[in-house]
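**Student:** So here's model-v8.pdb, just PDB, C-alpha atoms, pLDDT in the B column:
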MODEL        1
ATOM      1  CA  GLN B  17     120.687-111.087  11.530  1.00 64.00           C
ATOM      2  CA  LYS B  18     121.798-111.282   7.928  1.00 72.00           C
ATOM      3  CA  GLU B  19     124.848-113.515   7.643  1.00 90.00           C
ATOM      4  CA  VAL B  20     127.332-114.343   4.963  1.00 94.00           C
ATOM      5  CA  GLU B  21     129.681-117.199   5.764  1.00 95.00           C
ATOM      6  CA  GLN B  22     133.008-118.054   4.186  1.00 95.00           C
ATOM      7  CA  ASN B  23     135.767-120.448   5.149  1.00 90.00           C
ATOM      8  CA  SER B  24     138.637-118.248   6.337  1.00 86.00           C
ATOM      9  CA  GLY B  25     141.277-120.520   4.797  1.00 89.00           C
ATOM     10  CA  PRO B  26     143.959-120.308   3.763  1.00 95.00           C
ATOM     11  CA  LEU B  27     143.059-122.295   0.694  1.00 97.00           C
ATOM     12  CA  SER B  28     146.294-123.483  -0.867  1.00 97.00           C
ATOM     13  CA  VAL B  29     146.419-124.595  -4.509  1.00 97.00           C
ATOM     14  CA  PRO B  30     149.321-125.189  -6.897  1.00 97.00           C
ATOM     15  CA  GLU B  31     149.811-122.965  -9.910  1.00 98.00           C
ATOM     16  CA  GLY B  32     147.607-124.051 -12.811  1.00 97.00           C
ATOM     17  CA  ALA B  33     144.977-125.716 -10.615  1.00 97.00           C
ATOM     18  CA  ILE B  34     141.353-124.708 -10.128  1.00 97.00           C
ATOM     19  CA  ALA B  35     140.631-122.795  -6.944  1.00 97.00           C
ATOM     20  CA  SER B  36     137.101-123.111  -5.564  1.00 97.00           C
ATOM     21  CA  LEU B  37     135.855-120.513  -3.104  1.00 97.00           C
ATOM     22  CA  ASN B  38     132.517-120.925  -1.376  1.00 97.00           C
ATOM     23  CA  CYS B  39     130.012-118.670   0.337  1.00 97.00           C
ATOM     24  CA  THR B  40     126.665-119.291   2.028  1.00 96.00           C
ATOM     25  CA  TYR B  41     124.115-116.690   3.010  1.00 96.00           C
ATOM     26  CA  SER B  42     121.197-116.734   5.403  1.00 93.00           C
ATOM     27  CA  ASP B  43     118.622-114.373   3.841  1.00 90.00           C
ATOM     28  CA  ARG B  44     116.434-116.014   1.197  1.00 89.00           C
ATOM     29  CA  GLY B  45     115.485-112.557  -0.064  1.00 88.00           C
ATOM     30  CA  SER B  46     119.025-111.911  -1.285  1.00 89.00           C
ATOM     31  CA  GLN B  47     119.033-110.629  -4.832  1.00 89.00           C
ATOM     32  CA  SER B  48     122.555-109.728  -5.902  1.00 94.00           C
ATOM     33  CA  PHE B  49     125.842-111.430  -5.201  1.00 96.00           C
ATOM     34  CA  PHE B  50     129.361-110.136  -5.594  1.00 97.00           C
ATOM     35  CA  TRP B  51     132.922-111.358  -5.323  1.00 98.00           C
ATOM     36  CA  TYR B  52     135.687-108.971  -4.374  1.00 98.00           C
ATOM     37  CA  ARG B  53     139.422-109.589  -4.410  1.00 98.00           C
ATOM     38  CA  GLN B  54     141.570-107.872  -1.818  1.00 98.00           C
ATOM     39  CA  TYR B  55     145.334-107.914  -1.927  1.00 98.00           C
ATOM     40  CA  SER B  56     147.177-107.389   1.349  1.00 95.00           C
ATOM     41  CA  GLY B  57     147.202-103.712   2.259  1.00 95.00           C
ATOM     42  CA  LYS B  58     144.862-102.759  -0.580  1.00 97.00           C
ATOM     43  CA  SER B  59     141.182-102.043  -0.952  1.00 97.00           C
ATOM     44  CA  PRO B  60     138.581-104.577  -2.169  1.00 98.00           C
ATOM     45  CA  GLU B  61     138.198-104.788  -5.935  1.00 97.00           C
ATOM     46  CA  LEU B  62     134.983-106.034  -7.569  1.00 96.00           C
ATOM     47  CA  ILE B  63     135.715-108.993  -9.844  1.00 97.00           C
ATOM     48  CA  MET B  64     132.374-110.743 -10.391  1.00 96.00           C
ATOM     49  CA  SER B  65     128.656-110.073 -10.033  1.00 96.00           C
ATOM     50  CA  ILE B  66     125.862-112.621 -10.378  1.00 96.00           C
ATOM     51  CA  TYR B  67     122.116-112.160 -10.081  1.00 94.00           C
ATOM     52  CA  SER B  68     120.412-115.336 -11.322  1.00 94.00           C
ATOM     53  CA  ASN B  69     120.834-119.053 -10.757  1.00 95.00           C
ATOM     54  CA  GLY B  70     123.519-120.752 -12.777  1.00 96.00           C
ATOM     55  CA  ASP B  71     127.001-119.919 -13.930  1.00 96.00           C
ATOM     56  CA  LYS B  72     128.545-116.690 -15.109  1.00 97.00           C
ATOM     57  CA  GLU B  73     131.970-116.764 -16.720  1.00 97.00           C
ATOM     58  CA  ASP B  74     134.468-113.941 -17.157  1.00 96.00           C
ATOM     59  CA  GLY B  75     137.882-115.007 -18.356  1.00 97.00           C
ATOM     60  CA  ARG B  76     139.404-117.395 -15.825  1.00 97.00           C
ATOM     61  CA  PHE B  77     136.662-116.631 -13.286  1.00 98.00           C
ATOM     62  CA  THR B  78     133.308-118.395 -13.000  1.00 98.00           C
ATOM     63  CA  ALA B  79     130.685-117.431 -10.460  1.00 97.00           C
ATOM     64  CA  GLN B  80     128.018-119.996  -9.591  1.00 97.00           C
ATOM     65  CA  LEU B  81     124.739-119.242  -7.824  1.00 97.00           C
ATOM     66  CA  ASN B  82     122.240-121.658  -6.297  1.00 96.00           C
ATOM     67  CA  LYS B  83     119.491-119.719  -4.570  1.00 94.00           C
ATOM     68  CA  ALA B  84     117.659-122.841  -3.392  1.00 94.00           C
ATOM     69  CA  SER B  85     120.751-123.894  -1.452  1.00 94.00           C
ATOM     70  CA  GLN B  86     121.669-120.286  -0.593  1.00 95.00           C
ATOM     71  CA  TYR B  87     125.114-120.871  -1.960  1.00 95.00           C
ATOM     72  CA  VAL B  88     127.420-118.885  -4.220  1.00 97.00           C
ATOM     73  CA  SER B  89     130.871-119.906  -5.355  1.00 97.00           C
ATOM     74  CA  LEU B  90     133.804-118.560  -7.316  1.00 98.00           C
ATOM     75  CA  LEU B  91     136.001-120.797  -9.451  1.00 98.00           C
ATOM     76  CA  ILE B  92     139.385-119.595 -10.624  1.00 98.00           C
ATOM     77  CA  ARG B  93     140.810-121.690 -13.445  1.00 98.00           C
ATOM     78  CA  ASP B  94     144.527-121.913 -14.199  1.00 98.00           C
ATOM     79  CA  SER B  95     145.336-120.270 -10.874  1.00 98.00           C
ATOM     80  CA  GLN B  96     148.362-117.980 -10.859  1.00 97.00           C
ATOM     81  CA  PRO B  97     150.516-116.758  -7.953  1.00 97.00           C
ATOM     82  CA  SER B  98     149.104-113.285  -8.697  1.00 97.00           C
ATOM     83  CA  ASP B  99     145.681-114.648  -7.686  1.00 98.00           C
ATOM     84  CA  SER B 100     146.930-114.990  -4.107  1.00 98.00           C
ATOM     85  CA  ALA B 101     144.655-112.646  -2.158  1.00 97.00           C
ATOM     86  CA  THR B 102     141.657-112.636   0.128  1.00 97.00           C
ATOM     87  CA  TYR B 103     138.328-113.102  -1.634  1.00 98.00           C
ATOM     88  CA  LEU B 104     135.256-111.466  -0.138  1.00 97.00           C
ATOM     89  CA  CYS B 105     131.711-112.572  -0.837  1.00 97.00           C
ATOM     90  CA  ALA B 106     129.038-109.855  -0.598  1.00 96.00           C
ATOM     91  CA  VAL B 107     125.264-110.113  -0.729  1.00 95.00           C
ATOM     92  CA  ASN B 108     122.513-107.551  -1.321  1.00 91.00           C
ATOM     93  CA  ILE B 109     119.004-108.271  -0.046  1.00 78.00           C
ATOM     94  CA  GLY B 110     117.261-105.519  -1.968  1.00 73.00           C
ATOM     95  CA  TYR B 111     118.267-102.447  -0.040  1.00 81.00           C
ATOM     96  CA  SER B 112     121.193-100.191  -0.794  1.00 87.00           C
ATOM     97  CA  THR B 113     123.683-101.962   1.463  1.00 91.00           C
ATOM     98  CA  LEU B 114     125.792-105.097   1.147  1.00 93.00           C
ATOM     99  CA  THR B 115     126.610-107.700   3.756  1.00 93.00           C
ATOM    100  CA  PHE B 116     130.163-109.014   3.465  1.00 95.00           C
ATOM    101  CA  GLY B 117     131.645-112.309   4.512  1.00 95.00           C
ATOM    102  CA  LYS B 118     134.941-112.244   6.372  1.00 95.00           C
ATOM    103  CA  GLY B 119     136.803-113.531   3.353  1.00 96.00           C
ATOM    104  CA  THR B 120     138.798-116.560   2.268  1.00 96.00           C
ATOM    105  CA  MET B 121     142.550-116.272   1.854  1.00 96.00           C
ATOM    106  CA  LEU B 122     143.820-117.973  -1.296  1.00 97.00           C
ATOM    107  CA  LEU B 123     147.464-118.953  -1.675  1.00 97.00           C
ATOM    108  CA  VAL B 124     148.688-120.107  -5.084  1.00 97.00           C
ATOM    109  CA  SER B 125     152.109-121.704  -4.978  1.00 96.00           C
ATOM    110  CA  PRO B 126     154.434-121.677  -8.023  1.00 94.00           C
TER     111      PRO B 126
ATOM    112  CA  ASP C  20     139.676 -96.879  -7.608  1.00 54.00           C
ATOM    113  CA  ALA C  21     136.698 -95.688  -9.674  1.00 63.00           C
ATOM    114  CA  GLY C  22     137.291 -91.988  -9.046  1.00 93.00           C
ATOM    115  CA  ILE C  23     137.306 -92.232  -5.260  1.00 97.00           C
ATOM    116  CA  THR C  24     139.894 -90.636  -3.034  1.00 97.00           C
ATOM    117  CA  GLN C  25     140.290 -90.724   0.721  1.00 98.00           C
ATOM    118  CA  SER C  26     142.221 -88.363   2.932  1.00 97.00           C
ATOM    119  CA  PRO C  27     144.324 -88.639   4.882  1.00 98.00           C
ATOM    120  CA  ARG C  28     145.726 -92.020   3.866  1.00 98.00           C
ATOM    121  CA  HIS C  29     147.469 -92.510   7.184  1.00 98.00           C
ATOM    122  CA  LYS C  30     146.878 -90.856  10.520  1.00 98.00           C
ATOM    123  CA  VAL C  31     148.189 -91.339  14.030  1.00 98.00           C
ATOM    124  CA  THR C  32     146.335 -89.565  16.788  1.00 97.00           C
ATOM    125  CA  GLU C  33     145.886 -89.680  20.521  1.00 97.00           C
ATOM    126  CA  THR C  34     142.961 -90.925  22.577  1.00 97.00           C
ATOM    127  CA  GLY C  35     140.334 -88.256  23.103  1.00 97.00           C
ATOM    128  CA  THR C  36     141.127 -86.150  20.060  1.00 97.00           C
ATOM    129  CA  PRO C  37     138.599 -85.536  17.265  1.00 96.00           C
ATOM    130  CA  VAL C  38     139.364 -87.005  13.866  1.00 98.00           C
ATOM    131  CA  THR C  39     137.710 -86.414  10.501  1.00 98.00           C
ATOM    132  CA  LEU C  40     138.218 -88.628   7.484  1.00 98.00           C
ATOM    133  CA  ARG C  41     137.182 -87.463   4.044  1.00 98.00           C
ATOM    134  CA  CYS C  42     135.895 -89.396   1.067  1.00 98.00           C
ATOM    135  CA  HIS C  43     135.647 -87.671  -2.297  1.00 98.00           C
ATOM    136  CA  GLN C  44     134.129 -89.115  -5.478  1.00 98.00           C
ATOM    137  CA  THR C  45     134.040 -87.890  -9.054  1.00 97.00           C
ATOM    138  CA  GLU C  46     131.464 -90.467 -10.263  1.00 94.00           C
ATOM    139  CA  ASN C  47     128.316 -88.588  -9.181  1.00 94.00           C
ATOM    140  CA  HIS C  48     127.043 -91.765  -7.480  1.00 94.00           C
ATOM    141  CA  ARG C  49     124.139 -91.397  -5.109  1.00 94.00           C
ATOM    142  CA  TYR C  50     125.226 -93.803  -2.390  1.00 95.00           C
ATOM    143  CA  MET C  51     128.338 -93.526  -0.239  1.00 97.00           C
ATOM    144  CA  TYR C  52     129.449 -95.794   2.567  1.00 97.00           C
ATOM    145  CA  TRP C  53     131.993 -95.908   5.362  1.00 98.00           C
ATOM    146  CA  TYR C  54     133.382 -99.252   6.520  1.00 98.00           C
ATOM    147  CA  ARG C  55     136.002-100.338   8.963  1.00 98.00           C
ATOM    148  CA  GLN C  56     138.041-103.482   8.471  1.00 97.00           C
ATOM    149  CA  ASP C  57     139.653-105.336  11.329  1.00 95.00           C
ATOM    150  CA  PRO C  58     141.312-108.759  11.514  1.00 89.00           C
ATOM    151  CA  GLY C  59     138.746-111.393  12.372  1.00 85.00           C
ATOM    152  CA  HIS C  60     135.794-109.095  11.717  1.00 87.00           C
ATOM    153  CA  GLY C  61     135.951-108.386   8.027  1.00 88.00           C
ATOM    154  CA  LEU C  62     134.281-105.307   6.586  1.00 94.00           C
ATOM    155  CA  ARG C  63     131.709-103.705   8.833  1.00 95.00           C
ATOM    156  CA  LEU C  64     129.417-100.882   7.804  1.00 95.00           C
ATOM    157  CA  ILE C  65     129.628 -97.774   9.978  1.00 97.00           C
ATOM    158  CA  HIS C  66     127.302 -95.298   8.235  1.00 97.00           C
ATOM    159  CA  TYR C  67     126.024 -94.736   4.759  1.00 96.00           C
ATOM    160  CA  SER C  68     124.407 -91.948   2.771  1.00 96.00           C
ATOM    161  CA  TYR C  69     121.657 -92.187   0.177  1.00 93.00           C
ATOM    162  CA  GLY C  70     121.815 -88.549  -0.853  1.00 92.00           C
ATOM    163  CA  VAL C  71     122.909 -85.093   0.214  1.00 93.00           C
ATOM    164  CA  LYS C  72     122.120 -84.690   3.917  1.00 91.00           C
ATOM    165  CA  ASP C  73     120.534 -88.183   3.980  1.00 94.00           C
ATOM    166  CA  THR C  74     122.413 -90.672   6.115  1.00 96.00           C
ATOM    167  CA  ASP C  75     121.730 -93.813   8.105  1.00 95.00           C
ATOM    168  CA  LYS C  76     123.529 -95.988  10.629  1.00 95.00           C
ATOM    169  CA  GLY C  77     125.280 -99.251   9.948  1.00 93.00           C
ATOM    170  CA  GLU C  78     126.084-102.079  12.332  1.00 91.00           C
ATOM    171  CA  VAL C  79     128.987-100.342  14.150  1.00 95.00           C
ATOM    172  CA  SER C  80     127.949 -96.678  14.274  1.00 96.00           C
ATOM    173  CA  ASP C  81     128.589 -95.955  17.976  1.00 96.00           C
ATOM    174  CA  GLY C  82     131.288 -93.311  18.388  1.00 96.00           C
ATOM    175  CA  TYR C  83     131.051 -92.149  14.778  1.00 98.00           C
ATOM    176  CA  SER C  84     129.129 -89.428  12.996  1.00 97.00           C
ATOM    177  CA  VAL C  85     128.905 -88.530   9.313  1.00 98.00           C
ATOM    178  CA  SER C  86     127.954 -85.629   7.126  1.00 97.00           C
ATOM    179  CA  ARG C  87     127.276 -85.185   3.441  1.00 97.00           C
ATOM    180  CA  SER C  88     126.754 -81.608   2.299  1.00 96.00           C
ATOM    181  CA  LYS C  89     127.673 -82.255  -1.344  1.00 96.00           C
ATOM    182  CA  THR C  90     127.162 -85.251  -3.608  1.00 95.00           C
ATOM    183  CA  GLU C  91     130.893 -85.759  -3.974  1.00 97.00           C
ATOM    184  CA  ASP C  92     131.974 -85.587  -0.315  1.00 98.00           C
ATOM    185  CA  PHE C  93     131.217 -87.857   2.634  1.00 98.00           C
ATOM    186  CA  LEU C  94     132.900 -87.125   5.955  1.00 98.00           C
ATOM    187  CA  LEU C  95     133.386 -89.528   8.850  1.00 98.00           C
ATOM    188  CA  THR C  96     134.067 -87.988  12.261  1.00 98.00           C
ATOM    189  CA  LEU C  97     135.305 -89.625  15.415  1.00 97.00           C
ATOM    190  CA  GLU C  98     134.274 -87.085  18.035  1.00 93.00           C
ATOM    191  CA  SER C  99     136.661 -88.432  20.669  1.00 96.00           C
ATOM    192  CA  ALA C 100     138.915 -91.144  19.312  1.00 97.00           C
ATOM    193  CA  THR C 101     139.499 -94.319  21.327  1.00 97.00           C
ATOM    194  CA  SER C 102     142.059 -97.095  20.864  1.00 97.00           C
ATOM    195  CA  SER C 103     139.253 -99.444  19.786  1.00 97.00           C
ATOM    196  CA  GLN C 104     138.783 -97.241  16.722  1.00 98.00           C
ATOM    197  CA  THR C 105     142.262 -98.092  15.458  1.00 98.00           C
ATOM    198  CA  SER C 106     141.438 -99.668  12.113  1.00 98.00           C
ATOM    199  CA  VAL C 107     141.545 -99.352   8.358  1.00 98.00           C
ATOM    200  CA  TYR C 108     138.648 -97.271   7.066  1.00 98.00           C
ATOM    201  CA  PHE C 109     137.261 -97.686   3.573  1.00 98.00           C
ATOM    202  CA  CYS C 110     134.858 -95.502   1.705  1.00 98.00           C
ATOM    203  CA  ALA C 111     132.713 -97.010  -1.042  1.00 97.00           C
ATOM    204  CA  ILE C 112     130.219 -95.728  -3.590  1.00 96.00           C
ATOM    205  CA  SER C 113     127.375 -97.206  -5.598  1.00 94.00           C
ATOM    206  CA  ASP C 114     124.900 -95.907  -8.103  1.00 90.00           C
ATOM    207  CA  GLU C 115     121.136 -95.793  -7.695  1.00 82.00           C
ATOM    208  CA  GLY C 116     118.719 -98.235  -9.237  1.00 77.00           C
ATOM    209  CA  GLY C 117     120.461-101.383  -8.058  1.00 72.00           C
ATOM    210  CA  PRO C 118     122.085-103.910  -7.916  1.00 79.00           C
ATOM    211  CA  TYR C 119     124.186-101.773  -5.584  1.00 86.00           C
ATOM    212  CA  GLU C 120     127.595-103.083  -6.524  1.00 92.00           C
ATOM    213  CA  GLN C 121     130.082-101.023  -4.580  1.00 95.00           C
ATOM    214  CA  PHE C 122     133.436 -99.562  -5.547  1.00 96.00           C
ATOM    215  CA  PHE C 123     135.999 -98.850  -2.898  1.00 97.00           C
ATOM    216  CA  GLY C 124     138.451 -96.077  -2.212  1.00 98.00           C
ATOM    217  CA  PRO C 125     142.081 -96.745  -1.276  1.00 98.00           C
ATOM    218  CA  GLY C 126     141.492 -96.671   2.480  1.00 98.00           C
ATOM    219  CA  THR C 127     142.759 -94.748   5.497  1.00 98.00           C
ATOM    220  CA  ARG C 128     144.873 -96.410   8.160  1.00 98.00           C
ATOM    221  CA  LEU C 129     144.066 -94.808  11.503  1.00 98.00           C
ATOM    222  CA  THR C 130     146.034 -95.471  14.670  1.00 98.00           C
ATOM    223  CA  VAL C 131     144.760 -94.153  17.992  1.00 98.00           C
ATOM    224  CA  LEU C 132     147.400 -94.226  20.718  1.00 97.00           C
TER     225      LEU C 132
ENDMDL
END
Let me see the file written as structure tokens.

**Tutor:**
Amino acid sequence: QKEVEQNSGPLSVPEGAIASLNCTYSDRGSQSFFWYRQYSGKSPELIMSIYSNGDKEDGRFTAQLNKASQYVSLLIRDSQPSDSATYLCAVNIGYSTLTFGKGTMLLVSP
Amino acid sequence: DAGITQSPRHKVTETGTPVTLRCHQTENHRYMYWYRQDPGHGLRLIHYSYGVKDTDKGEVSDGYSVSRSKTEDFLLTLESATSSQTSVYFCAISDEGGPYEQFFGPGTRLTVL
């Protein structure tokens, strides 16, 4: 059973702080890792992809991957109230499907 | 939404009736997927397609069937809807050759009374 685990939250951070979202996965053969943002009542939106160990930065977002620990994280710097959403971690093990975590709800307070 | 539309966007139906949801893409992507999303369960894959007339089951395929007669259209059918199939249904697409990042349609909210 391929599993992707996320803390359901909510994770509450004040505006301007760094939000850290974590995800662990069970399949060591996993090759591609994605973070999606989903606002309430909307569809998931791809915000970050990462394929190799280390950090990948895109604006205020940084994705971190550690394959040895089977761990992927998303850092959001200078968090804004508009970042309040549920963040989904998704993992691909080499086939054409993704396994999704259940998501972490992030609340950014002004 | 990356050139993906879903219809209808909202539907209320009664137990035992057939329901068909449509996903249409303008991206010419090879892969198409149907998910359902429920509180406490996250996104669960129902069926997916890897080409015209080529489909496979996901983790929650019981009670659902799919068809893909054209690259751009992927249909999800509930042959006899049940209340347990009340959910939000999302279609997604991805291109061939990996890494299989998926792009989602706007979703269909289905209520089975």

**Student:** At a cut-off of 10 Å, list the chain B residues touching chain C, using all atoms listed in the file, as a ChimeraX atom specification.

**Tutor:** /B:24,47-52,57-62,64-67,104,106-119

**Student:** Take the PyMOL selection byres ((chain C and resi 129) around 12), apply it to the structure above, and return the hits as JSON, numbers by chain.

**Tutor:** {"C": [26, 27, 28, 29, 30, 31, 32, 33, 34, 38, 39, 40, 55, 56, 57, 97, 100, 101, 102, 103, 104, 105, 106, 107, 108, 109, 126, 127, 128, 130, 131, 132]}

**Student:** Around the point (120.4, -122.4, -5.4), in the coordinates given by the file, pick out the residues reaching within 12 Å, counting only C-alpha atoms, and return them as a PyMOL selection string.

**Tutor:** chain B and resi 39-41+44+46-47+67-71+80-89

**Student:** Pull out every residue that the PyMOL selection byres ((chain B and resi 25-33) around 9) matches in the shown coordinates and put them as an NGL selection string.

**Tutor:** :B and (22-24 or 34-37 or 92-97 or 102 or 119-126)

**Student:** For the residues in that selection, give me C-alpha atoms as a PDB file, in the coordinates of the input.

**Tutor:**
ATOM      1  CA  GLN B  22     133.008-118.054   4.186  1.00 95.00           C
ATOM      2  CA  ASN B  23     135.767-120.448   5.149  1.00 90.00           C
ATOM      3  CA  SER B  24     138.637-118.248   6.337  1.00 86.00           C
ATOM      4  CA  ILE B  34     141.353-124.708 -10.128  1.00 97.00           C
ATOM      5  CA  ALA B  35     140.631-122.795  -6.944  1.00 97.00           C
ATOM      6  CA  SER B  36     137.101-123.111  -5.564  1.00 97.00           C
ATOM      7  CA  LEU B  37     135.855-120.513  -3.104  1.00 97.00           C
ATOM      8  CA  ILE B  92     139.385-119.595 -10.624  1.00 98.00           C
ATOM      9  CA  ARG B  93     140.810-121.690 -13.445  1.00 98.00           C
ATOM     10  CA  ASP B  94     144.527-121.913 -14.199  1.00 98.00           C
ATOM     11  CA  SER B  95     145.336-120.270 -10.874  1.00 98.00           C
ATOM     12  CA  GLN B  96     148.362-117.980 -10.859  1.00 97.00           C
ATOM     13  CA  PRO B  97     150.516-116.758  -7.953  1.00 97.00           C
ATOM     14  CA  THR B 102     141.657-112.636   0.128  1.00 97.00           C
ATOM     15  CA  GLY B 119     136.803-113.531   3.353  1.00 96.00           C
ATOM     16  CA  THR B 120     138.798-116.560   2.268  1.00 96.00           C
ATOM     17  CA  MET B 121     142.550-116.272   1.854  1.00 96.00           C
ATOM     18  CA  LEU B 122     143.820-117.973  -1.296  1.00 97.00           C
ATOM     19  CA  LEU B 123     147.464-118.953  -1.675  1.00 97.00           C
ATOM     20  CA  VAL B 124     148.688-120.107  -5.084  1.00 97.00           C
ATOM     21  CA  SER B 125     152.109-121.704  -4.978  1.00 96.00           C
ATOM     22  CA  PRO B 126     154.434-121.677  -8.023  1.00 94.00           C
TER      23      PRO B 126
END

**Student:** Taking the file as shown, what set of residues would the PyMOL selection byres ((chain B and resi 77) around 7) give back, as a VMD selection string?

**Tutor:** chain B and resid 73 to 76 78 to 79 90 to 93

**Student:** Write out as lines of an AutoDock Vina configuration file an axis-aligned box for region 31-34 of chain C: all of its atoms listed in the file, 4 Å added on each side, centre and edge lengths in Å with one decimal.

**Tutor:**
center_x = 145.6
center_y = -90.5
center_z = 18.3
size_x = 13.2
size_y = 9.8
size_z = 16.5

**Student:** So what do you get for CA of Phe93 (chain C) versus CA of Cys42 (chain C), distance-wise?

**Tutor:**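 Result for CA of Phe93 (chain C) versus CA of Cys42 (chain C): 5.2 Å, one decimal.
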
**Student:** Kindly give the distance, in Å, that separates CA of Thr36 (chain C) and CA of Gly82 (chain C), rounded to a single decimal.

**Tutor:**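 These two atoms are separated by 12.3 Å.
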
**Student:** Could you please determine the separation between CA of His43 (chain C) and CA of Lys89 (chain C) in Å, to one decimal place?

**Tutor:**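 Answer for the CA of His43 (chain C) to CA of Lys89 (chain C) separation: 9.7 Å.
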